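K.L.:
Structure provided below as structure tokens; questions to follow.
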Amino acid sequence: MQEAPRLYYDAQCRICSSFARLVRIVGGRRVRVLPFRGPDADRELAALSAEARYDSMHLVSDGRVTSAADAVVPLLASILPHVAKVVGALPPAGRLLRWSYWRLYHVRAIQGCATAG
């Protein structure tokens with residue numbers, strides 16, 4: 001059986017923590033949700049600089065790290081495959097999801113969450 005994808009997030013950021021709770025609720029056991037700070041993150045995100053690691057969410061699946069807005073559709077595919085198929089068939093829907101991610105990213109940065117400290 002294939003290991004569930006892992007979503008790494010900033011547990012010290014309220015926006016990120018709220019998003020992580022939503023993923024846990026909707027995704028159940030289909031996705032493991034883990035904080036940036038921890039042994040799993042140290043191992044799986046070791047190739048990222050500290051700045052890149054704390055800058056955005058990361059999805060690790062099949063040994064591959066996908067970050068920021070690029071992780072939105074693969075994450076959706078992991079937790080809601082039928083919805084992801086619709087998004088894949090409708091490019092504007094994918095663009096809207098990516099745009100939404102970047103909007104939250106900017107709010108997160110304004111709050112001072114996007115730091116390695």
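Labels used: A, B, ... for chains in the order of the structure tokens, numbers from 1 for residues in each chain, and numbers from 1 for ligands as shown.
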Would you give me, as a list in words, the residues in region 16-76 of chain A that DSSP reads as strand (DSSP E)?

P.N.:
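Output for region 16-76 of chain A, strand (DSSP E) only: Arg32, Val33, Leu34, Pro35, His58, Leu59, Val60, Ser61, Arg64, Val65, Thr66 and Ser67 of chain A.
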
K.L.:
Output as a VMD selection string all residues of chain A that backbone DSSP marks as alpha helix (DSSP H).

P.N.:
chain A and resid 14 to 27 39 to 44 50 to 55 72 to 79 81 to 89 91 to 110

K.L.:
Nearest to Trp99 (chain A): which of A:Ala68, A:Lys85, A:Leu76, A:Arg14 is it, counting only C-alpha atoms?

P.N.:
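Of all the options, A:Ala68 lies closest to Trp99 (chain A).
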
K.L.:
For a quick check of understanding, using only C-alpha atoms, which of A:Pro5, A:Val73, A:Leu34, A:Tyr101 has the smallest distance to Ala89 (chain A)?

P.N.:
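Among the listed residues, the smallest separation from Ala89 (chain A) belongs to A:Val73.
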
K.L.:
For region 63-65 of chain A, please output as a count of residues only all residues within 10 Å (counting only C-alpha atoms; exclusion window: fewer than 3 positions along the same chain).

P.N.:
12

K.L.:
Excluding Leu80 (chain A) and its own-chain neighbours fewer than 2 positions away, which residues fall within 12 Å of it when counting only C-alpha atoms? Please give them as a PyMOL selection string.

P.N.:
chain A and resi 23+25-28+30-31+72-78+82-87

K.L.:
Any chance you can output those residues with C-alpha atoms as a PDB file, in the first residue's frame?

P.N.:
```
ATOM      1  CA  VAL A  23      -7.326  19.331   5.390  1.00  0.00           C
ATOM      2  CA  ILE A  25     -11.214  17.092   8.519  1.00  0.00           C
ATOM      3  CA  VAL A  26     -11.787  16.657   4.792  1.00  0.00           C
ATOM      4  CA  GLY A  27      -8.790  14.462   4.038  1.00  0.00           C
ATOM      5  CA  GLY A  28      -8.981  12.095   6.969  1.00  0.00           C
ATOM      6  CA  ARG A  30      -5.695  10.195   2.940  1.00  0.00           C
ATOM      7  CA  VAL A  31      -3.176  12.922   3.869  1.00  0.00           C
ATOM      8  CA  VAL A  72      -2.860  22.915  -4.285  1.00  0.00           C
ATOM      9  CA  VAL A  73      -4.189  20.697  -7.086  1.00  0.00           C
ATOM     10  CA  PRO A  74      -2.143  17.602  -6.067  1.00  0.00           C
ATOM     11  CA  LEU A  75      -3.372  18.087  -2.492  1.00  0.00           C
ATOM     12  CA  LEU A  76      -6.931  18.348  -3.749  1.00  0.00           C
ATOM     13  CA  ALA A  77      -6.408  15.186  -5.803  1.00  0.00           C
ATOM     14  CA  SER A  78      -5.284  13.376  -2.647  1.00  0.00           C
ATOM     15  CA  HIS A  82     -13.496  13.612  -8.044  1.00  0.00           C
ATOM     16  CA  VAL A  83     -13.255  17.359  -7.502  1.00  0.00           C
ATOM     17  CA  ALA A  84      -9.652  17.328  -8.682  1.00  0.00           C
ATOM     18  CA  LYS A  85     -10.740  15.695 -11.959  1.00  0.00           C
ATOM     19  CA  VAL A  86     -13.174  18.547 -12.554  1.00  0.00           C
ATOM     20  CA  VAL A  87     -10.476  21.103 -11.736  1.00  0.00           C
TER      21      VAL A  87
END
```

K.L.:
Between A:Gln111, A:Gln2, A:Ser67, A:Ser17, which one has atoms that come closest to Pro35 (chain A), using only C-alpha atoms?

P.N.:
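Nearest candidate to Pro35 (chain A) out of A:Gln111, A:Gln2, A:Ser67, A:Ser17: A:Ser17.
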
K.L.:
Compile the contact shell of region 104-107 of chain A as a compact mmCIF listing (two decimals) with C-alpha atoms, in the first residue's frame: residues with an atom at most 10 Å away, counting only C-alpha atoms, same-chain residues fewer than 2 positions apart removed.

P.N.:
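Wrote it out as result_38.txt, contents follow:
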```
# COMPACT_ATOMS: atom_id res chain seq x y z
CA ILE A 15 -4.03 30.87 8.70
CA CYS A 16 -1.84 27.81 8.08
CA ASP A 55 7.89 30.28 3.14
CA SER A 56 4.98 28.08 2.06
CA MET A 57 3.23 24.75 2.47
CA ALA A 68 3.12 26.66 -2.52
CA ALA A 69 0.42 27.04 -5.17
CA TRP A 99 -4.80 32.58 -7.14
CA SER A 100 -6.63 31.83 -3.87
CA TYR A 101 -3.51 30.24 -2.45
CA TRP A 102 -1.42 33.31 -3.29
CA ALA A 109 3.20 37.37 5.04
CA ILE A 110 1.50 40.56 6.27
CA GLN A 111 0.92 38.82 9.61
CA GLY A 112 4.63 37.99 9.81
CA CYS A 113 4.14 34.22 9.64
CA ALA A 114 6.48 33.49 6.73
```

K.L.:
Identify which of the residues A:Arg29, A:Arg53, A:Arg103, A:Arg108 lies closest to Ala41 (chain A), counting only C-alpha atoms when measuring atom-to-atom distances.

P.N.:
A:Arg53
